[in-house]
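What's in target.cif: mmCIF, C-alpha atoms and all ligand atoms
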data_entry
#
loop_
_atom_site.label_atom_id
_atom_site.label_comp_id
_atom_site.auth_asym_id
_atom_site.auth_seq_id
_atom_site.Cartn_x
_atom_site.Cartn_y
_atom_site.Cartn_z
CA MET A 10 83.33 129.48 108.41
CA SER A 11 82.95 132.37 106.00
CA PRO A 12 85.76 133.30 103.56
CA ALA A 13 86.81 136.07 105.98
CA ASP A 14 87.42 133.41 108.61
CA TYR A 15 89.75 131.57 106.23
CA THR A 16 91.81 134.73 105.96
CA ASP A 17 92.08 134.83 109.76
CA PHE A 18 92.94 131.14 109.84
CA LEU A 19 95.66 131.57 107.21
CA ASN A 20 97.00 134.69 108.91
CA GLU A 21 97.18 132.86 112.22
CA LEU A 22 99.11 130.06 110.57
CA GLU A 23 101.57 132.40 108.87
CA PRO A 24 104.17 132.62 111.67
CA THR A 25 104.36 128.81 111.63
CA VAL A 26 104.77 128.87 107.84
CA THR A 27 107.71 131.28 108.28
CA GLU A 28 109.27 129.06 110.95
CA LEU A 29 108.84 125.88 108.90
CA LEU A 30 110.10 127.55 105.72
CA ASP A 31 113.26 128.61 107.60
CA ARG A 32 113.68 125.07 108.89
CA HIS A 33 113.19 123.70 105.37
CA THR A 34 115.69 126.02 103.70
CA SER A 35 118.30 125.51 106.41
CA GLN A 36 118.06 121.71 106.17
CA ALA A 37 117.65 121.27 102.40
CA LYS A 38 120.95 120.81 100.56
CA GLU A 39 121.30 121.98 96.98
CA TRP A 40 121.63 119.08 94.53
CA PHE A 41 121.86 118.70 90.77
CA PRO A 42 119.94 116.18 88.68
CA HIS A 43 122.76 115.87 86.10
CA GLU A 44 125.17 114.56 88.73
CA LEU A 45 122.97 111.54 89.49
CA VAL A 46 122.29 110.43 85.91
CA PRO A 47 124.52 107.64 84.43
CA TRP A 48 125.13 109.42 81.11
CA SER A 49 127.85 106.94 80.07
CA ARG A 50 125.18 104.26 79.71
CA GLY A 51 123.37 106.35 77.10
CA ARG A 52 123.58 106.43 73.31
CA ASP A 53 121.70 108.20 70.53
CA PHE A 54 118.24 107.05 69.58
CA GLU A 55 118.53 106.05 65.94
CA ASP A 56 115.85 106.88 63.38
CA GLY A 57 113.03 104.37 63.52
CA TRP A 58 114.18 102.90 66.83
CA GLU A 59 111.30 101.44 68.82
CA TRP A 60 111.35 100.52 72.46
CA SER A 61 110.74 96.92 73.51
CA PRO A 62 110.56 95.34 76.98
CA ASP A 63 113.87 93.57 76.15
CA GLU A 64 115.60 96.90 76.84
CA THR A 65 115.20 96.32 80.57
CA GLN A 66 115.25 93.59 83.19
CA LEU A 67 112.50 95.27 85.18
CA SER A 68 109.03 93.76 85.42
CA SER A 69 106.05 95.59 83.96
CA GLU A 70 104.83 96.22 87.54
CA VAL A 71 108.03 98.04 88.52
CA ARG A 72 107.90 99.96 85.24
CA SER A 73 104.32 100.93 86.07
CA SER A 74 105.55 102.38 89.31
CA LEU A 75 108.30 104.40 87.64
CA PHE A 76 105.85 105.57 84.98
CA VAL A 77 103.30 106.76 87.56
CA ASN A 78 105.94 108.30 89.84
CA LEU A 79 107.41 110.31 86.99
CA LEU A 80 104.10 111.49 85.55
CA THR A 81 103.03 112.51 89.05
CA GLU A 82 106.16 114.63 89.36
CA ASP A 83 105.56 116.10 85.90
CA ASN A 84 102.13 117.24 86.98
CA LEU A 85 102.90 118.51 90.48
CA PRO A 86 104.16 121.95 89.48
CA TYR A 87 100.66 122.55 88.10
CA TYR A 88 99.26 122.11 91.61
CA PHE A 89 100.79 125.55 92.04
CA ARG A 90 97.61 127.14 90.74
CA THR A 91 95.49 125.48 93.44
CA ILE A 92 97.98 125.96 96.23
CA GLU A 93 98.62 129.61 95.44
CA ALA A 94 94.88 130.31 95.13
CA MET A 95 94.23 128.58 98.45
CA PHE A 96 97.09 129.97 100.52
CA GLY A 97 97.87 133.24 98.74
CA ARG A 98 100.90 134.62 96.93
CA ASP A 99 102.13 137.04 99.56
CA SER A 100 104.26 136.57 102.65
CA SER A 101 105.83 133.27 103.63
CA TRP A 102 102.93 131.36 102.10
CA GLY A 103 103.81 132.56 98.61
CA GLU A 104 107.52 132.07 99.18
CA TRP A 105 106.94 128.47 100.28
CA VAL A 106 104.65 127.65 97.34
CA ARG A 107 107.16 128.91 94.79
CA ARG A 108 110.05 127.08 96.44
CA TRP A 109 108.02 123.86 96.58
CA THR A 110 107.09 124.14 92.89
CA ALA A 111 110.72 124.61 91.88
CA GLU A 112 111.80 121.57 93.90
CA GLU A 113 109.07 119.37 92.41
CA GLY A 114 110.26 120.31 88.91
CA ARG A 115 113.71 118.99 89.76
CA HIS A 116 112.24 115.60 90.61
CA SER A 117 110.78 115.01 87.18
CA ILE A 118 114.01 116.17 85.52
CA VAL A 119 116.17 113.62 87.34
CA ILE A 120 113.77 110.67 87.02
CA ARG A 121 113.13 111.31 83.30
CA ASP A 122 116.84 111.64 82.50
CA TYR A 123 117.58 108.41 84.35
CA LEU A 124 114.79 106.51 82.58
CA THR A 125 115.74 107.88 79.16
CA VAL A 126 119.43 107.12 79.46
CA THR A 127 118.80 103.59 80.75
CA ARG A 128 115.91 103.01 78.28
CA THR A 129 113.87 101.56 81.11
CA ILE A 130 110.56 102.90 79.78
CA ASP A 131 109.32 103.61 76.27
CA PRO A 132 110.15 107.32 75.84
CA VAL A 133 107.44 107.76 73.21
CA GLU A 134 104.71 106.33 75.43
CA LEU A 135 106.04 108.40 78.31
CA GLU A 136 105.99 111.67 76.37
CA ARG A 137 102.49 111.03 75.04
CA ALA A 138 101.31 110.24 78.57
CA ARG A 139 102.91 113.43 79.90
CA MET A 140 101.15 115.51 77.26
CA ALA A 141 97.82 113.85 78.09
CA GLN A 142 98.32 114.20 81.84
CA VAL A 143 99.27 117.86 81.84
CA MET A 144 96.67 118.79 79.21
CA CYS A 145 93.79 117.21 81.14
CA GLY A 146 94.60 119.61 84.00
CA GLU A 147 93.44 117.26 86.71
CA VAL A 148 94.65 118.68 89.99
CA PRO A 149 92.97 118.50 93.40
CA GLU A 150 90.83 121.52 94.18
CA PRO A 151 89.73 121.31 97.81
CA ASP A 152 87.10 123.79 98.95
CA LEU A 153 88.81 124.74 102.20
CA PRO A 154 92.44 125.44 103.15
CA HIS A 155 91.97 122.87 105.94
CA ASP A 156 91.44 120.14 103.36
CA GLY A 157 94.31 121.42 101.26
CA LEU A 158 96.75 121.14 104.16
CA VAL A 159 95.71 117.61 105.02
CA TYR A 160 95.85 116.51 101.39
CA VAL A 161 99.35 117.79 100.76
CA ALA A 162 100.66 116.28 104.01
CA LEU A 163 99.28 112.85 103.05
CA GLN A 164 100.33 113.21 99.43
CA GLU A 165 103.95 114.11 100.21
CA LEU A 166 104.35 111.17 102.55
CA ALA A 167 102.67 108.78 100.09
CA THR A 168 104.98 110.02 97.35
CA ARG A 169 108.06 109.66 99.56
CA ILE A 170 107.13 106.04 100.31
CA ALA A 171 106.32 105.24 96.68
CA HIS A 172 109.65 106.68 95.43
CA HIS A 173 111.72 104.98 98.10
CA ASN A 174 110.05 101.58 97.66
CA THR A 175 110.38 101.87 93.89
CA GLY A 176 114.08 102.65 94.28
CA LYS A 177 114.54 99.48 96.32
CA VAL A 178 113.13 97.22 93.57
CA ILE A 179 114.88 98.87 90.61
CA ASP A 180 117.89 96.61 91.18
CA ASP A 181 120.34 99.30 90.12
CA PRO A 182 122.33 101.26 92.73
CA VAL A 183 122.29 104.35 90.49
CA GLY A 184 118.51 104.18 90.08
CA TYR A 185 118.16 103.65 93.80
CA ALA A 186 120.26 106.76 94.48
CA VAL A 187 118.00 108.81 92.17
CA MET A 188 114.80 107.67 93.85
CA LYS A 189 116.27 108.01 97.32
CA ARG A 190 117.34 111.59 96.66
CA VAL A 191 113.87 112.50 95.43
CA ALA A 192 112.28 110.67 98.39
CA SER A 193 114.38 112.68 100.83
CA ASP A 194 113.04 115.93 99.32
CA GLU A 195 109.51 114.54 99.65
CA ASN A 196 110.25 113.81 103.28
CA ARG A 197 111.10 117.45 103.93
CA HIS A 198 107.92 118.56 102.10
CA TYR A 199 105.93 116.10 104.20
CA LEU A 200 107.45 117.37 107.47
CA PHE A 201 106.58 120.93 106.49
CA TYR A 202 102.92 120.11 105.85
CA ARG A 203 102.64 117.65 108.73
CA ASP A 204 103.79 120.23 111.26
CA LEU A 205 101.72 122.98 109.70
CA THR A 206 98.70 120.70 109.99
CA SER A 207 99.50 120.11 113.69
CA ARG A 208 99.40 123.88 114.24
CA ALA A 209 96.15 124.14 112.27
CA ILE A 210 94.64 121.46 114.54
CA GLU A 211 95.54 123.60 117.57
CA LEU A 212 93.87 126.62 115.97
CA ASP A 213 90.71 124.92 114.72
CA PRO A 214 90.42 121.32 115.98
CA SER A 215 86.85 120.73 114.83
CA GLY A 216 87.41 122.18 111.35
CA MET A 217 90.57 120.13 110.96
CA VAL A 218 89.02 116.86 112.13
CA LEU A 219 86.25 117.30 109.56
CA ALA A 220 88.87 117.99 106.88
CA ILE A 221 91.00 115.00 107.90
CA GLU A 222 87.97 112.72 107.77
CA ARG A 223 87.05 113.97 104.27
CA GLN A 224 90.60 113.74 102.95
CA VAL A 225 91.43 110.33 104.40
CA ARG A 226 88.25 108.81 103.05
CA GLY A 227 88.64 110.35 99.61
CA PHE A 228 92.42 109.94 99.39
CA GLU A 229 93.86 108.89 96.07
CA MET A 230 97.48 108.81 95.05
CA PRO A 231 98.36 112.01 93.19
CA GLY A 232 98.61 110.09 89.92
CA THR A 233 94.91 110.31 89.19
CA GLY A 234 94.47 111.73 85.72
CA ILE A 235 97.26 109.54 84.34
CA VAL A 236 96.22 107.40 81.37
CA ASP A 237 95.23 103.90 82.64
CA PHE A 238 95.91 104.97 86.21
CA ALA A 239 93.70 102.25 87.72
CA SER A 240 95.59 99.42 86.04
CA HIS A 241 98.96 100.95 86.96
CA ALA A 242 97.77 101.34 90.57
CA ARG A 243 96.80 97.62 90.64
CA ALA A 244 100.23 96.68 89.28
CA ILE A 245 101.94 98.86 91.89
CA ALA A 246 99.87 97.27 94.68
CA LYS A 247 100.85 93.83 93.35
CA THR A 248 104.52 94.61 93.98
CA GLY A 249 103.76 95.92 97.48
CA ILE A 250 105.37 99.27 96.55
CA TYR A 251 102.19 101.06 97.57
CA ASP A 252 99.13 99.20 98.81
CA PHE A 253 96.52 99.33 101.55
CA GLN A 254 98.86 97.95 104.17
CA VAL A 255 101.54 100.54 103.40
CA HIS A 256 98.85 103.24 103.40
CA HIS A 257 97.57 102.13 106.81
CA ASP A 258 100.83 101.22 108.55
CA GLN A 259 102.99 104.07 107.27
CA ILE A 260 100.52 106.93 106.88
CA LEU A 261 97.15 106.58 108.56
CA ALA A 262 98.23 104.95 111.83
CA PRO A 263 101.50 106.81 112.52
CA VAL A 264 100.54 110.24 111.19
CA VAL A 265 96.78 110.68 111.36
CA VAL A 266 96.17 108.69 114.53
CA ARG A 267 99.41 109.02 116.48
CA HIS A 268 101.18 112.19 115.33
CA TRP A 269 98.10 114.36 114.98
CA GLY A 270 96.66 112.68 118.10
CA ILE A 271 93.15 112.50 116.71
CA GLU A 272 91.87 110.23 119.50
CA ASP A 273 92.94 112.64 122.24
CA LEU A 274 91.54 115.90 120.86
CA THR A 275 89.09 117.59 123.19
CA GLY A 276 86.43 120.28 122.81
CA LEU A 277 85.24 119.08 119.42
CA SER A 278 81.84 120.04 118.02
CA ASP A 279 79.22 117.25 117.81
CA GLU A 280 79.74 117.03 114.06
CA ALA A 281 83.52 116.71 114.51
CA GLU A 282 83.06 114.06 117.23
CA ARG A 283 81.00 112.00 114.79
CA ALA A 284 83.57 112.54 112.01
CA ARG A 285 86.37 111.41 114.34
CA ASP A 286 84.51 108.17 115.19
CA GLU A 287 83.88 107.47 111.53
CA LEU A 288 87.48 108.28 110.67
CA LEU A 289 88.88 105.88 113.27
CA THR A 290 86.53 103.10 112.11
CA TYR A 291 87.54 103.74 108.51
CA ILE A 292 91.26 103.60 109.35
CA GLU A 293 90.76 100.29 111.13
CA ARG A 294 88.97 98.94 108.05
CA VAL A 295 91.83 100.00 105.77
CA GLY A 296 94.26 98.20 108.10
CA LYS A 297 92.23 94.98 107.90
CA ALA A 298 91.88 95.22 104.11
CA GLY A 299 95.65 95.78 103.89
CA ARG A 300 96.47 92.69 105.94
CA ARG A 301 94.09 90.59 103.83
CA GLN A 302 95.65 91.95 100.61
CA THR A 303 99.17 91.12 101.82
CA GLU A 304 98.18 87.60 102.91
CA ARG A 305 96.53 86.97 99.57
CA ARG A 306 99.64 88.14 97.74
CA GLN A 307 101.84 85.91 99.87
CA ARG A 308 99.63 82.88 99.16
CA ILE A 309 99.81 83.57 95.40
CA ALA A 310 103.61 83.98 95.57
CA GLU A 311 103.97 80.69 97.49
CA ARG A 312 101.72 78.88 95.01
CA ASP A 313 103.69 80.31 92.04
CA ALA A 314 106.95 79.22 93.68
CA GLN A 315 105.58 75.70 94.16
CA LEU A 316 104.38 75.52 90.55
CA ALA A 317 107.76 76.75 89.31
CA SER A 318 109.56 74.03 91.27
CA VAL A 319 107.41 71.20 89.79
FE FE B 1 108.30 115.41 94.08
FE FE B 2 107.05 116.85 97.24
#

I'd like the structure from this file rewritten - as structure tokens, please.
Amino acid sequence: MSPADYTDFLNELEPTVTELLDRHTSQAKEWFPHELVPWSRGRDFEDGWEWSPDETQLSSEVRSSLFVNLLTEDNLPYYFRTIEAMFGRDSSWGEWVRRWTAEEGRHSIVIRDYLTVTRTIDPVELERARMAQVMCGEVPEPDLPHDGLVYVALQELATRIAHHNTGKVIDDPVGYAVMKRVASDENRHYLFYRDLTSRAIELDPSGMVLAIERQVRGFEMPGTGIVDFASHARAIAKTGIYDFQVHHDQILAPVVVRHWGIEDLTGLSDEAERARDELLTYIERVGKAGRRQTERRQRIAERDAQLASV
């Protein structure tokens, strides 16, 4: 496809963008971060105060998840540059991108206020990490709009799952309510991109299968660029908040295989046929790796429980 073809592709998608934007705005309810934050638990930070893990009951793994989730939200508004460059600033595309950016900003506000008031995470470490994350400017820059659509659909769903699962292990109903509210926004973002991707598959099935194959294989949680991301990602997998099994069972199988109906697409080019075969094999491999990872974790937990009872 030449760049002119992308313009046609984006123009053909535009009526669906308008429809999905209308659906989004009619379903999204206005909400306010300040109403969810337990301010009465807060107090001033005295001069020389230093955070210690005694401030919280949460494990370092759960704190890793909150840390990564928040820094991801801090950085998302900067995806605006990529998304606007890819989809354009005019028409419903531009309107959607600006709305999305504003909503993402609200997520970091509410999570940061909650974590600061409850002193769950070292605010100094957090602020330094935010500066480093935003200053390194690491945002995905896919070559084609096809890849961009697939990436954001997968990313929104992954983020929704990570927020919701983190909320469940915070062991604080107020914290759970914060994460659940953010996760429900992510769900609406995901539905927007998922359904837009379905339409894009109708318009250009071969181009989209190639993009899905590239994006699924190269997928990384949007926290890449965060200081020590790899060790945080390992900690998060250890808790089961987001691991290979979650990625396979809640994203790849239900969305890529079933919702987008990859197996049933017809009229694909030879290259796209090959990409589809490789994609399906890859997804199966992720599923197997996920089951092995979960079994290993269960064995370790059982062994630890036995040792603790001796
Ligand atoms: Fe978000
Ligand atoms: Fe989102």

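Considering only C-alpha atoms and all ligand atoms, the residue among A:Ile118, A:Ile271, A:Ala298, A:Val183 positioned nearest to ligand FE 1 (chain B) is A:Ile118.
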
Tell me which protein, DNA and RNA residues are within 10 Å of Ile170 in chain A, counting only C-alpha atoms, leaving out same-chain ones fewer than 2 positions away, and put them as an MDAnalysis selection string. chainID A and resid 164:168 172:176 189 192:193 195:196 250:251 255:256 259:260

Using only C-alpha atoms and all ligand atoms, find each residue with an atom at most 10 Å away from ligand FE 1 (chain B) and format the answer as an mmCIF file with C-alpha atoms, keeping the file's coordinate frame.
data_model
loop_
_atom_site.group_PDB
_atom_site.id
_atom_site.type_symbol
_atom_site.label_atom_id
_atom_site.label_comp_id
_atom_site.auth_asym_id
_atom_site.auth_seq_id
_atom_site.Cartn_x
_atom_site.Cartn_y
_atom_site.Cartn_z
ATOM 1 C CA ASN A 78 105.940 108.300 89.840
ATOM 2 C CA LEU A 79 107.410 110.310 86.990
ATOM 3 C CA THR A 81 103.030 112.510 89.050
ATOM 4 C CA GLU A 82 106.160 114.630 89.360
ATOM 5 C CA ASP A 83 105.560 116.100 85.900
ATOM 6 C CA ASN A 84 102.130 117.240 86.980
ATOM 7 C CA LEU A 85 102.900 118.510 90.480
ATOM 8 C CA PRO A 86 104.160 121.950 89.480
ATOM 9 C CA TRP A 109 108.020 123.860 96.580
ATOM 10 C CA THR A 110 107.090 124.140 92.890
ATOM 11 C CA ALA A 111 110.720 124.610 91.880
ATOM 12 C CA GLU A 112 111.800 121.570 93.900
ATOM 13 C CA GLU A 113 109.070 119.370 92.410
ATOM 14 C CA GLY A 114 110.260 120.310 88.910
ATOM 15 C CA ARG A 115 113.710 118.990 89.760
ATOM 16 C CA HIS A 116 112.240 115.600 90.610
ATOM 17 C CA SER A 117 110.780 115.010 87.180
ATOM 18 C CA GLN A 164 100.330 113.210 99.430
ATOM 19 C CA GLU A 165 103.950 114.110 100.210
ATOM 20 C CA THR A 168 104.980 110.020 97.350
ATOM 21 C CA ARG A 169 108.060 109.660 99.560
ATOM 22 C CA HIS A 172 109.650 106.680 95.430
ATOM 23 C CA VAL A 191 113.870 112.500 95.430
ATOM 24 C CA ALA A 192 112.280 110.670 98.390
ATOM 25 C CA SER A 193 114.380 112.680 100.830
ATOM 26 C CA ASP A 194 113.040 115.930 99.320
ATOM 27 C CA GLU A 195 109.510 114.540 99.650
ATOM 28 C CA ASN A 196 110.250 113.810 103.280
ATOM 29 C CA HIS A 198 107.920 118.560 102.100
#

Polymer residues at most 12 Å from (94.0, 118.6, 82.2) by only C-alpha atoms, as a VMD selection string: chain A and resid 84 87 to 88 138 to 149 233 to 236

Can you tell me how far CA of Arg226 in chain A sits from CA of Ala94 in chain A, in Å to one decimal? 23.9 Å

Quick one: everything within 8 Å of range 202-205 of chain A, counting all atoms listed in the file, minus sequence neighbours fewer than 3 positions away in the same chain. Send it as number ranges by chain. A: 22, 25-26, 29, 158-159, 161-162, 198-199, 208-209

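Shortest atom-to-atom contact with Leu261 in chain A among A:Phe76, A:Trp48, A:Trp40, A:Tyr291: A:Tyr291, counting only C-alpha atoms.
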
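Nearest residue to ligand FE 2 (chain B) among A:Phe96, A:Phe253, A:Tyr123, A:Phe89 is A:Phe89, counting only C-alpha atoms and all ligand atoms.
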